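> One structure, pasted below without further comment.
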Amino acid sequence: MKKMLSKIIPIAYGAYFNVLSVFSTKTAAKKAFYLFCTPRKGKVLPHQKEFLNNAKKEVVTTANIDLQVYQWPGEKETILLLHGWESNVFRWRNLIGYLTKENYNIIAFDAPAHGNSTGTVLHVPIYTEVAQALITKYQPKHIIGHSVGGMTTLYNNYKYNNTFVEKLVILGAPSEFYTILKNYKAMLKFNNAVFNSLKKFIFEKFNFLPEDFSISEYAKQNTKKGLLVHDRLDLIAPCSDSELVHKNWTTSKLLVTEGYGHSLHQDEVSNAVLSFLKEA
């Protein structure tokens with residue numbers, strides 16, 4: 001039943017946008033955009049609270065959003081963690097275990113509309129801005145991002161290039177926004193009128209066209225040391241995205257795994273991250 005609903009509901013939304021576009025493509029596009037940016041899950045679940053309660057907590061307000069920030073204090077370099085879509089800080093539990101044993105100072109936060117942070121939508125531009133507020137506040141030496149958190153990490157570096165940040169670790173991140181948007185169109189099956197109006201809406205809101213928002217292109221200007229990790233069988237974001245970013249990011253390393261999926265929680269990944277952080 002759940003599988004059936006998961007297929008029917010997106011098509012129903014697409015049909016609604018198609019009908020709405022007959023009267024107003026702009027309204028249809030706006031609704032399609034906010035559906036695209038609205039997470040359905042990612043709030044803190046009961047079984048996640050015990051782990052999160054072990055951290056030092058702080059709420060940081062920026063861009064009218066109250067961000068729930070967690071800290072696992074340590075005497076070594078500060079590391080900032082950015083989680084992915086429909087997730088929260090709990091997703092880092094395995095890696096945090098490795099990092100705390102090495103005495104790193106760990107800062108992690110729930111993205112807007114996720115975990116215990118406020119907000120109703122999440123997209124890379126807003127994630128980038130709130131991340132920048134925390135980067136400025138905590139001055140991390142290294143940043144680790146997973147999925148859309150990795151995409152945000154690289155876009156933030158392109159936009160702000162904080163000189164005190166030395167290393168970036170990117171786990172299972174997509175690269176091409178236009179591809180994501182086309183997949184959204186295919187999943188909901190809305191028409192070209194809605195799609196073209198959606199592209200126009202995004203341009204008017206963010207001042208870039210979806211086809212111009214390319215992490216692999218932005219990577220050409222990246223001079224920081226980087227580690228990209230991607231699973232060959234990732235069903236959420238194609239491994240080819242990280243391969244393309246690696247090709248353009250001349251100071252990066254690429255670790256391709258097989259059978260770990262999108263989450264990349266495994267010991268091999270955590271050990272690779274630690275080794276990279278310890279390199280001179």
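How things are named: the first chain in the structure tokens is A, the next is B, and so on; residues count from 1 in each chain; ligands count from 1 in the order shown.
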With a distance cut-off of 9 Å and only C-alpha atoms, select the neighbouring residues of A:Thr25, excluding the residue or stretch itself and same-chain residues fewer than 4 positions from it, and output the selection as a ChimeraX atom specification.
/A:17-18,20-21,29-30,193-194,196-198
> Any chance you can output those residues with N, CA, C and O atoms as a PDB file, in the first residue's frame?

```
ATOM      1  N   PHE A  17      -0.627  20.415 -10.781  1.00  0.00           N
ATOM      2  CA  PHE A  17       0.147  21.531 -11.342  1.00  0.00           C
ATOM      3  C   PHE A  17      -0.201  21.752 -12.812  1.00  0.00           C
ATOM      4  O   PHE A  17      -0.257  22.900 -13.275  1.00  0.00           O
ATOM      5  N   ASN A  18      -0.424  20.660 -13.542  1.00  0.00           N
ATOM      6  CA  ASN A  18      -0.787  20.786 -14.965  1.00  0.00           C
ATOM      7  C   ASN A  18      -2.114  21.516 -15.137  1.00  0.00           C
ATOM      8  O   ASN A  18      -2.245  22.388 -15.995  1.00  0.00           O
ATOM      9  N   LEU A  20      -3.518  23.519 -12.892  1.00  0.00           N
ATOM     10  CA  LEU A  20      -3.330  24.884 -12.391  1.00  0.00           C
ATOM     11  C   LEU A  20      -2.638  25.763 -13.429  1.00  0.00           C
ATOM     12  O   LEU A  20      -2.928  26.967 -13.539  1.00  0.00           O
ATOM     13  N   SER A  21      -1.732  25.172 -14.203  1.00  0.00           N
ATOM     14  CA  SER A  21      -0.972  25.955 -15.187  1.00  0.00           C
ATOM     15  C   SER A  21      -1.849  26.502 -16.304  1.00  0.00           C
ATOM     16  O   SER A  21      -1.466  27.471 -16.972  1.00  0.00           O
ATOM     17  N   ALA A  29       4.094  26.999 -10.877  1.00  0.00           N
ATOM     18  CA  ALA A  29       5.538  26.908 -10.667  1.00  0.00           C
ATOM     19  C   ALA A  29       5.909  27.174  -9.205  1.00  0.00           C
ATOM     20  O   ALA A  29       6.759  26.489  -8.638  1.00  0.00           O
ATOM     21  N   LYS A  30       5.268  28.173  -8.627  1.00  0.00           N
ATOM     22  CA  LYS A  30       5.542  28.505  -7.222  1.00  0.00           C
ATOM     23  C   LYS A  30       5.187  27.339  -6.315  1.00  0.00           C
ATOM     24  O   LYS A  30       5.967  26.971  -5.417  1.00  0.00           O
ATOM     25  N   ALA A 193       5.195  23.521 -19.733  1.00  0.00           N
ATOM     26  CA  ALA A 193       4.785  24.877 -19.338  1.00  0.00           C
ATOM     27  C   ALA A 193       5.105  25.115 -17.868  1.00  0.00           C
ATOM     28  O   ALA A 193       5.625  26.175 -17.493  1.00  0.00           O
ATOM     29  N   VAL A 194       4.817  24.123 -17.027  1.00  0.00           N
ATOM     30  CA  VAL A 194       5.140  24.223 -15.598  1.00  0.00           C
ATOM     31  C   VAL A 194       6.655  24.245 -15.404  1.00  0.00           C
ATOM     32  O   VAL A 194       7.188  25.043 -14.632  1.00  0.00           O
ATOM     33  N   ASN A 196       9.108  25.131 -17.488  1.00  0.00           N
ATOM     34  CA  ASN A 196       9.732  26.380 -17.933  1.00  0.00           C
ATOM     35  C   ASN A 196       9.414  27.537 -16.988  1.00  0.00           C
ATOM     36  O   ASN A 196      10.267  28.393 -16.729  1.00  0.00           O
ATOM     37  N   SER A 197       8.198  27.545 -16.464  1.00  0.00           N
ATOM     38  CA  SER A 197       7.829  28.579 -15.499  1.00  0.00           C
ATOM     39  C   SER A 197       8.572  28.370 -14.179  1.00  0.00           C
ATOM     40  O   SER A 197       8.946  29.340 -13.505  1.00  0.00           O
ATOM     41  N   LEU A 198       8.814  27.113 -13.825  1.00  0.00           N
ATOM     42  CA  LEU A 198       9.586  26.802 -12.613  1.00  0.00           C
ATOM     43  C   LEU A 198      11.019  27.305 -12.752  1.00  0.00           C
ATOM     44  O   LEU A 198      11.579  27.892 -11.808  1.00  0.00           O
TER      45      LEU A 198
END
```
> Which neighbours of A:Pro238 fall inside 10 Å, counting only C-alpha atoms, when residues of the same chain fewer than 6 positions from it are skipped, and could you give them as a VMD selection string?
chain A and resid 172 to 175 230 to 232 262
> Mind pulling up the distance from atom CA of A:Thr136 to atom CA of A:Leu228?
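Taking atom CA of A:Leu228 and atom CA of A:Thr136, their separation equals 23.8 Å.
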> Using atom CA of A:Asn271 and atom CA of A:Lys76 as the two end points, give the distance in Å to one decimal.
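Computed distance, atom CA of A:Asn271 to atom CA of A:Lys76, equals 17.2 Å.
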> List the neighbours of stretch 151-156 of chain A out to 9 Å using only C-alpha atoms; skip same-chain residues closer than 4 positions along the sequence, and give me the result as a VMD selection string.
chain A and resid 82 123 to 125 127 to 129 131 to 132 143 to 147 160 to 162 168 to 170 173 to 175 214 to 215 218 to 219 222
